[in-house]
Amino acid sequence: MSAWLKALFVSIFGSHSGLATFFISMIPIVELRGAIPFGAASSLWGENALSLWASFGYSLLGSSLVCVFLTFVFWYLFNFLKKTKGLKKIANWFETKLKNKSKNINKKTATETDKKRAVWLKMFGVFCFVAVPLPLTGVWTGTCLALFVGLSKLQTMGAVLTGNLIAGILMTIISYFFADNTIIVLYVFLGLVALFVLIGIIKLIVDRCKSKKQNVEETEISENIEQSNVQK
């Protein structure tokens with residue numbers, strides 16, 4: 001598999017492993033977490049492989065730019081999706097997910113009377129969310145979540161970029177223990193990505209089945225009520 005990946009990325013980026021790492025860190029789900037072991041993988045890049053800290057630097061830069069960009073365009077993009085007929089369902093699904101994720105943060109600040117402290121608690125919640133080096137907790141989701149819980153642009157970037165820095169350091173430390181073969185870390189991470197996506201798809205299917213069943217039951221109840229009223 002590594003030979004196939006090597007051929008793919010070499011055909012796209014040549015020997016520019018730093019540039020490849022920079023762009024890979026911008027991809028949703030993969031982001032900085034997958035980009036760090038990717039850039040340092042000697043089985044992919046050979047003598048052009050980056051050092052772990054160089055890979056960390058390129059990954060941090062690319063993913064941080066995503067945060068800054070998304071902070072300024074999120075609401076415009078989100079409102080556009082909600083107004084577009086073919087994309088409205090995606091926007092509504094994404095909104096539901098963000099609402100569910102923001103509940104835990106909002107619960108901790110709901111009873112807080114000090115507004116400044118409430119803001120700091122929200123920022124800390126977003127920071128902790130992004131700092132965990134797992135799939136679906138990176139700058140893409142973290143930035144959207146921060147804006148969704150009401151943080152300003154500056155507060156959003158502060159919380160997300162700091163969390164992203166910590167996640168990058170943790171991922172670099174993890175990769176250090178596999179310094180001779182960081183491709184293993186990349187494969188494990190991609191395996192987790194596949195697992196998280198699979199769980200999400202299964203959960204979506206189950207939720208849809210439950211929703212359809214509930215709609216059928218409600219329809220049957222309303223029909224029975226109408227029939228009983230007619231008989232009376």
# chains A, B, ... in the order shown; residues from 1 in each chain; ligands from 1

call {"tool": "residues_around", "arguments": {"residues": "A:His16", "least_positions_apart": "2", "cutoff": "12 Å", "atoms": "only C-alpha atoms", "output": "list in words"}}
result
Phe9, Val10, Ser11, Ile12, Phe13, Gly14, Gly18, Leu19, Ala20, Thr21, Phe22, Phe23, Gly39, Leu44, Trp45, Gly46, Glu47, Asn48, Ala49, Leu50, Ser55 and Tyr58 of chain A

call {"tool": "write_last_selection", "arguments": {"atoms": "N, CA and C atoms", "output": "mmCIF file, in the first residue's frame"}}
result
data_model
loop_
_atom_site.group_PDB
_atom_site.id
_atom_site.type_symbol
_atom_site.label_atom_id
_atom_site.label_comp_id
_atom_site.auth_asym_id
_atom_site.auth_seq_id
_atom_site.Cartn_x
_atom_site.Cartn_y
_atom_site.Cartn_z
ATOM 1 N N PHE A 9 1.609 10.267 -4.618
ATOM 2 C CA PHE A 9 2.025 11.592 -4.171
ATOM 3 C C PHE A 9 3.260 12.111 -4.896
ATOM 4 N N VAL A 10 4.141 11.223 -5.288
ATOM 5 C CA VAL A 10 5.304 11.646 -6.067
ATOM 6 C C VAL A 10 4.870 12.164 -7.427
ATOM 7 N N SER A 11 3.834 11.538 -8.005
ATOM 8 C CA SER A 11 3.332 11.991 -9.301
ATOM 9 C C SER A 11 2.684 13.369 -9.199
ATOM 10 N N ILE A 12 2.167 13.705 -8.020
ATOM 11 C CA ILE A 12 1.509 14.999 -7.834
ATOM 12 C C ILE A 12 2.489 16.076 -7.367
ATOM 13 N N PHE A 13 3.290 15.738 -6.354
ATOM 14 C CA PHE A 13 4.150 16.737 -5.726
ATOM 15 C C PHE A 13 5.638 16.573 -6.028
ATOM 16 N N GLY A 14 6.005 15.500 -6.697
ATOM 17 C CA GLY A 14 7.422 15.260 -6.961
ATOM 18 C C GLY A 14 8.173 15.007 -5.666
ATOM 19 N N GLY A 18 7.390 18.848 1.714
ATOM 20 C CA GLY A 18 6.886 19.933 2.557
ATOM 21 C C GLY A 18 5.617 20.534 1.990
ATOM 22 N N LEU A 19 5.587 20.749 0.685
ATOM 23 C CA LEU A 19 4.395 21.290 0.023
ATOM 24 C C LEU A 19 3.228 20.314 0.129
ATOM 25 N N ALA A 20 3.532 19.023 -0.051
ATOM 26 C CA ALA A 20 2.493 17.994 0.060
ATOM 27 C C ALA A 20 1.910 17.966 1.473
ATOM 28 N N THR A 21 2.777 18.040 2.472
ATOM 29 C CA THR A 21 2.332 18.031 3.870
ATOM 30 C C THR A 21 1.469 19.248 4.168
ATOM 31 N N PHE A 22 1.868 20.388 3.641
ATOM 32 C CA PHE A 22 1.115 21.646 3.816
ATOM 33 C C PHE A 22 -0.317 21.492 3.292
ATOM 34 N N PHE A 23 -0.466 20.942 2.087
ATOM 35 C CA PHE A 23 -1.801 20.809 1.489
ATOM 36 C C PHE A 23 -2.613 19.686 2.126
ATOM 37 N N GLY A 39 4.133 13.509 6.348
ATOM 38 C CA GLY A 39 5.314 14.225 5.870
ATOM 39 C C GLY A 39 6.625 13.614 6.312
ATOM 40 N N LEU A 44 7.387 6.721 2.279
ATOM 41 C CA LEU A 44 6.691 7.448 1.224
ATOM 42 C C LEU A 44 7.620 8.394 0.470
ATOM 43 N N TRP A 45 8.496 9.077 1.222
ATOM 44 C CA TRP A 45 9.294 10.152 0.630
ATOM 45 C C TRP A 45 10.784 9.828 0.500
ATOM 46 N N GLY A 46 11.224 8.722 1.087
ATOM 47 C CA GLY A 46 12.635 8.363 0.993
ATOM 48 C C GLY A 46 13.517 9.430 1.618
ATOM 49 N N GLU A 47 14.531 9.850 0.895
ATOM 50 C CA GLU A 47 15.457 10.868 1.414
ATOM 51 C C GLU A 47 14.819 12.259 1.480
ATOM 52 N N ASN A 48 13.658 12.420 0.860
ATOM 53 C CA ASN A 48 12.946 13.706 0.893
ATOM 54 C C ASN A 48 11.981 13.818 2.075
ATOM 55 N N ALA A 49 11.924 12.782 2.902
ATOM 56 C CA ALA A 49 11.048 12.828 4.070
ATOM 57 C C ALA A 49 11.470 13.942 5.014
ATOM 58 N N LEU A 50 10.497 14.590 5.608
ATOM 59 C CA LEU A 50 10.763 15.680 6.541
ATOM 60 C C LEU A 50 11.112 15.137 7.920
ATOM 61 N N SER A 55 7.789 18.550 9.657
ATOM 62 C CA SER A 55 6.449 18.111 9.264
ATOM 63 C C SER A 55 5.386 18.772 10.140
ATOM 64 N N TYR A 58 4.997 22.508 8.862
ATOM 65 C CA TYR A 58 4.195 22.621 7.632
ATOM 66 C C TYR A 58 2.722 22.310 7.905
#

call {"tool": "select_by_dssp", "arguments": {"residues": "stretch 98-229 of chain A", "states": "helix (DSSP H, G or I)", "output": "PyMOL selection string"}}
result
chain A and resi 98-109+115-131+139-148+153-176+183-229

call {"tool": "atom_distance", "arguments": {"atom1": "atom CA of A:Leu134", "atom2": "atom CA of A:Ile173"}}
result
14.3 Å

call {"tool": "closest_residue", "arguments": {"among": "A:Ser17, A:Ser64, A:Ser42, A:Ser102", "to": "A:Gly168", "atoms": "only C-alpha atoms"}}
result
A:Ser64

call {"tool": "closest_residue", "arguments": {"among": "A:Asn164, A:Thr71, A:Asn181, A:Ser51", "to": "A:Phe148", "atoms": "only C-alpha atoms"}}
result
A:Thr71

call {"tool": "residues_around", "arguments": {"residues": "A:Ile183", "least_positions_apart": "3", "cutoff": "8 Å", "atoms": "only C-alpha atoms", "output": "ChimeraX atom specification"}}
result
/A:2,37-38,41-44,186-187

call {"tool": "write_last_selection", "arguments": {"atoms": "N, CA and C atoms", "output": "mmCIF file, in the first residue's frame"}}
result
data_model
loop_
_atom_site.group_PDB
_atom_site.id
_atom_site.type_symbol
_atom_site.label_atom_id
_atom_site.label_comp_id
_atom_site.auth_asym_id
_atom_site.auth_seq_id
_atom_site.Cartn_x
_atom_site.Cartn_y
_atom_site.Cartn_z
ATOM 1 N N SER A 2 1.964 1.230 0.774
ATOM 2 C CA SER A 2 2.841 2.400 0.839
ATOM 3 C C SER A 2 3.465 2.696 -0.520
ATOM 4 N N PRO A 37 2.543 12.563 10.495
ATOM 5 C CA PRO A 37 3.223 11.295 10.155
ATOM 6 C C PRO A 37 3.375 11.110 8.647
ATOM 7 N N PHE A 38 2.482 11.714 7.879
ATOM 8 C CA PHE A 38 2.565 11.627 6.417
ATOM 9 C C PHE A 38 3.856 12.281 5.903
ATOM 10 N N ALA A 41 7.121 10.329 6.831
ATOM 11 C CA ALA A 41 7.195 8.907 6.473
ATOM 12 C C ALA A 41 8.278 8.666 5.417
ATOM 13 N N SER A 42 9.368 8.057 5.817
ATOM 14 C CA SER A 42 10.468 7.783 4.885
ATOM 15 C C SER A 42 10.077 6.739 3.843
ATOM 16 N N SER A 43 9.113 5.867 4.175
ATOM 17 C CA SER A 43 8.670 4.861 3.207
ATOM 18 C C SER A 43 7.884 5.487 2.065
ATOM 19 N N LEU A 44 7.387 6.721 2.279
ATOM 20 C CA LEU A 44 6.691 7.448 1.224
ATOM 21 C C LEU A 44 7.620 8.394 0.470
ATOM 22 N N LEU A 186 0.382 6.861 10.550
ATOM 23 C CA LEU A 186 -0.549 7.332 9.517
ATOM 24 C C LEU A 186 -1.624 6.296 9.235
ATOM 25 N N TYR A 187 -1.240 5.027 9.125
ATOM 26 C CA TYR A 187 -2.210 3.967 8.850
ATOM 27 C C TYR A 187 -3.200 3.800 10.005
#

call {"tool": "closest_residue", "arguments": {"among": "A:Lys107, A:Lys88, A:Val139, A:Ile174", "to": "A:Leu121", "atoms": "only C-alpha atoms"}}
result
A:Lys107

call {"tool": "residues_around", "arguments": {"residues": "stretch 24-30 of chain A", "least_positions_apart": "3", "cutoff": "6 Å", "atoms": "only C-alpha atoms", "output": "list in words"}}
result
Thr21, Gly34, Ala35, Ser59, Gly62, Ser63, Pro135 and Leu136 of chain A

call {"tool": "write_last_selection", "arguments": {"atoms": "C-alpha atoms", "output": "PDB file, in the first residue's frame"}}
result
ATOM      1  CA  THR A  21       2.332  18.031   3.870  1.00  0.00           C
ATOM      2  CA  GLY A  34      -2.641  12.802   9.591  1.00  0.00           C
ATOM      3  CA  ALA A  35      -0.289  15.253   7.876  1.00  0.00           C
ATOM      4  CA  SER A  59       1.104  20.888   9.052  1.00  0.00           C
ATOM      5  CA  GLY A  62      -1.636  24.668   6.590  1.00  0.00           C
ATOM      6  CA  SER A  63      -4.276  23.751   9.174  1.00  0.00           C
ATOM      7  CA  PRO A 135     -10.430  12.380  13.677  1.00  0.00           C
ATOM      8  CA  LEU A 136     -13.367  14.828  13.428  1.00  0.00           C
TER       9      LEU A 136
END

call {"tool": "residues_around", "arguments": {"residues": "A:Ser152", "least_positions_apart": "4", "cutoff": "12 Å", "atoms": "only C-alpha atoms", "output": "ChimeraX atom specification"}}
result
/A:71-72,119-120,122-123,143-148,156-160
